[in-house]
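Q: Take this structure, written in structure tokens, and hold onto it; I'll ask about it next.
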Amino acid sequence: MTWTRFIPAGLALLAALISTSCGSQAKINEAAAAPPSAQVVEEPDLNVVKVDHPERFQLVTAGEHEDLPEVRATGSVTADVDKSVPVVALVSGRVVGIYAKLGDDVRKGQLLLKIRSNDISNAFQAYDQAKADEKLAQTQYDRAKLLYDKGAIALNDLQVAEDTQAKANVTLNAAAQQLQTLGGDVNNRQDPVVEIHAPVSGTIVEQNVVDSARIQTPDNQPNLFTIADLATVWVICDVYENDLPIVRLGDTADIELGAYPGRVFHGRIGNIGKILDSNIRTAKVRIELANPGLMRSGMFVTATFYGLHGQKYATAPATAILHLHDREWVFVPISDARFRRTEVTAGKTVNGMQEVIAGLAPGQQVVRDALELSAESEQ
């Protein structure tokens with residue numbers, strides 16, 4: 001009885017010992033099979049360069065620039081209408097001489113052309129008749145005054161003679177004035193030729209007459225010439241409807257002539273058209289500016305208009321931007337002898353200063369000569 005009871009208990013104890021031994025062996029094997037712990041190795045920052053003599057590289061502070069929105073429009077140079085004077089003839093006839101042509105510079109009073117006109121002959125006839133009537137009326141008045149003084153006629157007869165003489169004098173003055181208006185000379189009754197002179201000094205920008213041409217009355221004849229003072233000119237541009245909010249009356253616009261690329265002139269917006277072209281949806285914008293002597297009527301130009309408010313960017317000397325593998329970089333100091341190469345997005349260059357759209361903030365310091373520092377760091 002006693003052995004039968006203890007045999008199952010011994011077997012149970014033996015099984016427990018074997019199980020414990022096997023679990024410990026399994027744990028030991030797993031630990032031995034685990035890989036060694038990883039060691040972290042820091043790679044050097046390739047964008048950080050160190051130089052032996054950092055004092056050789058001058059530092060500059062990035063500035064700030066406000067990039068205003070721009071609108072470019074094409075146009076042409078025209079004469080200032082306020083300083084353009086038409087040349088007309090008040091008589092009809094035939095041109096017998098032209099002494100100035102399109103594009104010529106003329107002075108005030110300079111002879112432009114001569115016209116032989118029957119109107120002048122008729123005006124001379126009317127003047128001579130009025131002068132003869134005035135002379136007769138004056139003679140009759142003098143005789144009537146003498147007779148009245150001697151009591152030979154009544155006062156009424158004297159007054160009638162005086163009135164006739166006054167009316168004859170008015171008619172003579174009117175005939176003389178008409179002759180002078182038509183361009184005739186009361187002292188030269190033999191020549192029915194009218195001389196047309198320049199009313200102002202300037203440049204002939206329009207000519208509608210040639211030698212031997214027939215001249216009609218002003219109502220049926222275009223201007224013989226148009227003389228303009230080109231010391232100031234207008235530039236007329238077509239600005240699209242969507243760009244009109246940027247264009248403001250009185251603002252300054254930059255003008256570039258197609259004939260002189262690279263040269264910029266400055267004018268002021270004098271008028272913005274109230275009517276749009278229904279076909280191309282543009283409005284006429286007039287820019288007024290002084291003529292430096294290069295601008296000619298009809299020249300093709302490009303005008304640039306600037307908005308009132310824009311976006312602010314950092315600026316740095318163009319030499320501070322390193323162009324490498326189609327990318328732009330600057331060197332920013334991080335310690336006495338170390339500099340960090342920082343990628344930036346460069347914009348346009350104006351007067352040696354380049355916009356930095358991204359990657360650099362105004363007030364940061366950068367190396368002035370990035371190329372020199374880059375070459376030094378590679379040695």
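Ligands are numbered from 1 in the order shown, residues from 1 within each chain, and chains are lettered A, B, ... in the order they appear in the structure tokens.
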Pull the helix (DSSP H, G or I) assignments for stretch 21-232 of chain A out of DSSP run on the backbone, and list those residues as a ChimeraX atom specification.
A: /A:21-33,54-56,81-83,118-149,155-181
Q: Could you build a table of the residues in stretch 64-157 of chain A lying no more than 9 Å from stretch 221-225 of chain A, giving for each the nearest pair of atoms and their separation in Å rounded to one decimal place, using only C-alpha atoms, ordered by chain and ascending residue number, as JSON lines?
A:
```
{"residue": "A:Val85", "atom": "CA", "partner": "A:Phe225", "partner_atom": "CA", "distance": 8.5}
{"residue": "A:Pro86", "atom": "CA", "partner": "A:Asn223", "partner_atom": "CA", "distance": 5.9}
{"residue": "A:Val87", "atom": "CA", "partner": "A:Phe225", "partner_atom": "CA", "distance": 5.0}
{"residue": "A:Val88", "atom": "CA", "partner": "A:Asn223", "partner_atom": "CA", "distance": 5.4}
{"residue": "A:Ala89", "atom": "CA", "partner": "A:Leu224", "partner_atom": "CA", "distance": 7.6}
{"residue": "A:Lys101", "atom": "CA", "partner": "A:Phe225", "partner_atom": "CA", "distance": 8.7}
{"residue": "A:Leu102", "atom": "CA", "partner": "A:Phe225", "partner_atom": "CA", "distance": 8.1}
{"residue": "A:Leu112", "atom": "CA", "partner": "A:Phe225", "partner_atom": "CA", "distance": 8.9}
```
Q: Which residue, A:Ser84, A:Ser76, A:Gln165, A:Gln58, has the smallest gap to A:Ala303 when you use only C-alpha atoms?
A: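 The shortest atom-to-atom distance to A:Ala303 comes from A:Ser76.
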Q: DSSP on the backbone: what in stretch 200-376 of chain A comes out strand (DSSP E), as JSON, numbers by chain?
A: {"A": [202, 203, 204, 205, 206, 207, 214, 215, 225, 226, 227, 228, 232, 233, 234, 235, 236, 237, 238, 239, 240, 252, 253, 254, 255, 256, 257, 264, 265, 266, 267, 268, 269, 270, 271, 272, 273, 274, 275, 276, 282, 283, 284, 285, 286, 287, 288, 289, 290, 300, 301, 302, 303, 304, 305, 306, 311, 312, 313, 314, 315, 316, 317, 322, 323, 324, 327, 328, 329, 330, 331, 332, 333, 338, 339, 340, 341, 342, 343, 344, 345, 346, 347, 348, 349, 350, 353, 354, 355, 356, 357, 358, 365, 366, 367]}
Q: Quick one: of A:Tyr306, A:Phe300, A:Phe331, A:Tyr313, who's nearest to A:Leu68, counting only C-alpha atoms?
A: A:Tyr306
Q: Rounded to one decimal, what separation in Å do you get between atom CA of A:Val247 and atom CA of A:Val350?
A: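 Value for the atom CA of A:Val247-atom CA of A:Val350 distance: 22.7 Å.
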Q: Point out the residue among A:Ser297, A:Ser92, A:Ser201, A:Gln178 with the least atom-to-atom distance to A:Trp234, counting only C-alpha atoms.
A: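 Closest candidate: A:Ser297.
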Q: Taking 5 positions as the minimum chain separation for residues in the same chain, which residues sit within 7 Å of stretch 237-240 of chain A when counting only C-alpha atoms? Answer as a list in words.
A: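 Counting only the stated atoms, we get Ala73, Thr74, Gly75, Ser76, Arg281, Thr282, Ala283, Lys284, Val285 and Arg286 of chain A.
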Q: Got a sec: who's within 6 Å of A:Ala62, counting only C-alpha atoms, leaving out chain neighbours fewer than 3 positions off, as a PyMOL selection string?
A: chain A and resi 314-316+362-364
Q: Extract, using only C-alpha atoms, all DNA, RNA and protein residues at most 8 Å from A:Pro317, discarding same-chain residues fewer than 6 positions from it, and format them as a PyMOL selection string.
A: chain A and resi 352-354+368
Q: Using C-alpha atoms, can you write the selected residues to a file as a PDB file, in the first residue's frame?
A:
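And here is the file that came out, result00.pdb:
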```pdb
ATOM      1  CA  GLY A 352      23.932  93.566 -59.067  1.00  0.00           C
ATOM      2  CA  MET A 353      21.485  92.520 -56.351  1.00  0.00           C
ATOM      3  CA  GLN A 354      19.580  89.260 -56.742  1.00  0.00           C
ATOM      4  CA  ARG A 368      29.719  87.723 -50.334  1.00  0.00           C
TER       5      ARG A 368
END
```
Q: Which residues come within 10 Å of A:Glu372, counting only C-alpha atoms, excluding same-chain residues fewer than 3 positions away, as a ChimeraX atom specification?
A: /A:56-57,319-320,322,367-369,375-377
Q: Those residues with C-alpha atoms, as a CSV table (one decimal), in the first residue's frame please?
A:
```csv
chain,number,residue,atom,x,y,z
A,56,ARG,CA,39.3,86.1,-45.7
A,57,PHE,CA,35.6,85.7,-46.7
A,319,THR,CA,28.2,87.0,-56.2
A,320,ALA,CA,26.7,85.5,-53.0
A,322,LEU,CA,26.5,79.8,-56.1
A,367,VAL,CA,29.3,85.0,-47.7
A,368,ARG,CA,29.7,87.7,-50.3
A,369,ASP,CA,31.8,85.6,-52.7
A,375,ALA,CA,36.7,76.6,-54.3
A,376,GLU,CA,38.6,76.9,-50.9
A,377,SER,CA,36.5,74.2,-49.3
```
Q: So that I can check the surroundings of A:Gly202, please list as a PyMOL selection string every protein, DNA and RNA residue that reaches within 12 Å of it, counting only C-alpha atoms and ignoring chain neighbours fewer than 3 positions away.
A: chain A and resi 79-80+83-86+102-110+198-199+205-206+225-232
Q: Rank nothing, just name the residue among A:Thr349, A:Asn271, A:Asn169, A:Thr302 nearest to A:Gly258, using only C-alpha atoms.
A: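 Result for the nearest residue to A:Gly258: A:Thr302.
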Q: Please indicate the distance in Å from atom CA of A:Gly97 to atom CA of A:Arg214, rounded to one decimal place.
A: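 Here the two named atoms are 12.1 Å from each other.
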Q: Of the residues A:Ile272, A:Ala175, A:Leu158, A:Leu111, which is the one nearest to A:Asp133, using only C-alpha atoms?
A: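 Using only C-alpha atoms, the shortest distance to A:Asp133 belongs to A:Ala175.
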Q: Would you mind telling me which residue in A:Gln129, A:Ser212, A:Ser117, A:Gln365 lies nearest to A:Ala168 when using only C-alpha atoms?
A: A:Gln129
